[in-house]
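Enquirer: Take a look at this one; I'll ask things after.
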Amino acid sequence: MNPDLRKLIALQDIEKNISVLHKKVSEIPVKTSDLEAAAQRAKAAHEDRVALVRELANRRRTLEGEVELARAKLSRLKEQLMAVKTNKEYTAMLSEIKTAETRIGDEEDKILDLMEELESGENAIKLAETEMRRERAAIDDEIRRMKEDIPALERELDILRGEKTAIEAGVDPELMDHYRRISDARKGIALAEAKDELCCACHIRIRPQMYADLLLTETIMFCDSCSRILFIREES
Ligand SMILES: [Zn+2]
């Protein structure tokens, strides 16, 4: 194989690795802020739950206040009952007392329902708080791990960039220029394996004479269709 071509194959591999590592590093801040956003959403949902329970507690206090007032009214009615003079007044007042007692009973039922609702709400909050602390710790862990990976990734990138520069300096400049132009135009893939008389990148047939030359000579050749530099993979 043409020695420059062998270097370009190595270069393309290095460039692929560089782009993978670079993507990994640049995704870390994005992933970190996605995780933070998820934690914030969970926190907001939890605050809504807490507010709802607080609202239930307020309603309970209001109802309890109303019951207290109704009881005071009831005992006043009962005192007044002693003082009534006529049967008619007595009957009317008894009916008023009955109505007040029924209302108090209804309100107390509502309070009991609210207390049940409150209890299950408070339990749910406790469970959710435990779960949230667990999730928060897991998120912090993941963020810390990702950040800890950065220096090693940067070091690996530095090494690969050094190797890349060394290879670029050792390849014929005109061929290097050509490689760069194709690489820029073809998403970083300037080389294409030629196999079974096909270009493996664009899948277009290679002329038989050209394919024979590729197999037998060290001349650098380009795919007629995608312009990539063709190579025959060596048996390893
Ligand atoms: Zn091609």
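A note on labels: chains of the structure tokens are A, B, ... as shown, every chain counts residues from 1, and ligands are counted from 1 in their shown order.
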If you count only C-alpha atoms and all ligand atoms, which residues end up within 6 Å of ligand 1, as a ChimeraX atom specification?

Expert: /A:199,201-202,204,223,225-226,228

Enquirer: Could you name the residues that touch Pro208 (chain A) at 10 Å or less, counting only C-alpha atoms, but leaving out those on the same chain fewer than 4 positions away, as a ChimeraX atom specification?

Expert: /A:197-198,212-214

Enquirer: Quick one: write out the picked residues with C-alpha atoms as a compact mmCIF listing (two decimals), in the first residue's frame?

Expert:
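So the final result, stored in out01.txt, reads:
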```txt
# COMPACT_ATOMS: atom_id res chain seq x y z
CA GLU A 197 -15.25 -3.49 -7.49
CA LEU A 198 -17.49 -1.16 -5.43
CA ALA A 212 -7.17 -3.70 -11.16
CA ASP A 213 -4.74 -0.75 -10.83
CA LEU A 214 -5.85 -0.21 -7.26
```

Enquirer: My list of candidates is A:Ile220, A:Ala194, A:Ala152, A:Leu94. Which is closest to Pro3 (chain A) when distances are computed with only C-alpha atoms?

Expert: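 Nearest to Pro3 (chain A): A:Ile220.
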
Enquirer: With only C-alpha atoms as the basis for distance, which of A:Asp109, A:Glu131, A:Glu96, A:Asp4 is at the shortest distance from Val171 (chain A)?

Expert: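 Under the stated criterion, the closest residue is A:Asp4.
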
Enquirer: I'd like to know which of A:Leu153, A:Lys88, A:Arg60, A:Glu66 is closest to Lys110 (chain A), using only C-alpha atoms.

Expert: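 Smallest distance to Lys110 (chain A) is found for A:Arg60.
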
Enquirer: I'd like to know which residues of region 9-236 of chain A are strand (DSSP E) (by DSSP, run on the backbone); could you write them as a PDB file with C-alpha atoms, in the first residue's frame?

Expert:
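Output (states12.pdb):
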```
ATOM      1  CA  LEU A 191     -11.367   7.692   2.412  1.00  0.00           C
ATOM      2  CA  ALA A 192     -13.459   4.877   1.038  1.00  0.00           C
ATOM      3  CA  GLU A 193     -12.676   1.207   1.020  1.00  0.00           C
ATOM      4  CA  ALA A 194     -12.844  -0.394  -2.419  1.00  0.00           C
ATOM      5  CA  LYS A 195     -14.228  -3.908  -2.268  1.00  0.00           C
ATOM      6  CA  LEU A 198     -17.489  -1.161  -5.426  1.00  0.00           C
ATOM      7  CA  CYS A 199     -16.795   2.064  -3.526  1.00  0.00           C
ATOM      8  CA  ILE A 229      -9.661   8.475  -1.904  1.00  0.00           C
ATOM      9  CA  LEU A 230      -9.965   4.737  -2.515  1.00  0.00           C
ATOM     10  CA  PHE A 231      -8.044   2.068  -0.657  1.00  0.00           C
TER      11      PHE A 231
END
```

Enquirer: Nearest to Leu114 (chain A) among A:Leu77, A:Leu63, A:Leu175, A:Ile143, with distances taken over only C-alpha atoms: which residue is it?

Expert: A:Leu63

Enquirer: Using only C-alpha atoms, which protein or nucleic acid residues come within 12 Å of region 97-107 of chain A? Drop anything in the same chain fewer than 5 positions from it, and give the result as a ChimeraX atom specification.

Expert: /A:59-81,90-92,112-114

Enquirer: Just want the 10 Å neighbourhood of region 31-44 of chain A, counted on only C-alpha atoms, with same-chain residues fewer than 5 positions away dropped. Output as a PyMOL selection string.

Expert: chain A and resi 26+49-50+128-129+132+135-136+139-140+142-144+146-147

Enquirer: Could you save the residues just selected, with C-alpha atoms, as a PDB file, in the first residue's frame?

Expert:
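This went into result-v3.pdb:
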```
ATOM      1  CA  SER A  26     -19.362  19.026  24.819  1.00  0.00           C
ATOM      2  CA  ARG A  49     -48.191  18.873  46.782  1.00  0.00           C
ATOM      3  CA  VAL A  50     -47.101  20.661  49.951  1.00  0.00           C
ATOM      4  CA  ALA A 128     -41.984  12.008  48.275  1.00  0.00           C
ATOM      5  CA  GLU A 129     -39.379  13.845  50.367  1.00  0.00           C
ATOM      6  CA  MET A 132     -36.614  13.338  46.224  1.00  0.00           C
ATOM      7  CA  GLU A 135     -33.050  11.278  43.376  1.00  0.00           C
ATOM      8  CA  ARG A 136     -31.178  14.470  44.205  1.00  0.00           C
ATOM      9  CA  ILE A 139     -28.292  13.344  40.155  1.00  0.00           C
ATOM     10  CA  ASP A 140     -25.455  14.963  42.121  1.00  0.00           C
ATOM     11  CA  GLU A 142     -24.024  11.520  38.065  1.00  0.00           C
ATOM     12  CA  ILE A 143     -23.066  15.172  37.550  1.00  0.00           C
ATOM     13  CA  ARG A 144     -19.949  14.728  39.681  1.00  0.00           C
ATOM     14  CA  MET A 146     -19.403  13.323  34.390  1.00  0.00           C
ATOM     15  CA  LYS A 147     -17.332  16.308  35.540  1.00  0.00           C
TER      16      LYS A 147
END
```

Enquirer: Could you work out how far CA of Val20 (chain A) lies from CA of Leu8 (chain A), giving the answer in Å with one decimal?

Expert: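 CA of Val20 (chain A) lies 18.2 Å from CA of Leu8 (chain A).
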
Enquirer: Which residues are close to Lys16 (chain A), i.e. within 9 Å by only C-alpha atoms, leaving aside same-chain residues fewer than 4 positions away? Reply as a list of chain:residue names.

Expert: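 Residues near the query, excluding close chain neighbours: A:Leu11, A:Gln12, A:Val20, A:Leu21, A:Gly188, A:Ile189.
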
Enquirer: So, with only C-alpha atoms as the atoms that count, which of A:Ile125, A:Ala10, A:Ile150, A:Ile111 lies closest to Val25 (chain A)?

Expert: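 That would be A:Ile150, the residue with the smallest distance to Val25 (chain A).
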
Enquirer: Nearest to Arg6 (chain A): which of A:Glu218, A:Glu156, A:Glu148, A:Asp141 is it, counting only C-alpha atoms?

Expert: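 Among the listed residues, the smallest separation from Arg6 (chain A) belongs to A:Glu218.
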
Enquirer: Can you measure CA of Met1 (chain A) to CA of Ile232 (chain A) for me? One decimal in Å is fine.

Expert: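 Separation of CA of Met1 (chain A) and CA of Ile232 (chain A): 8.2 Å.
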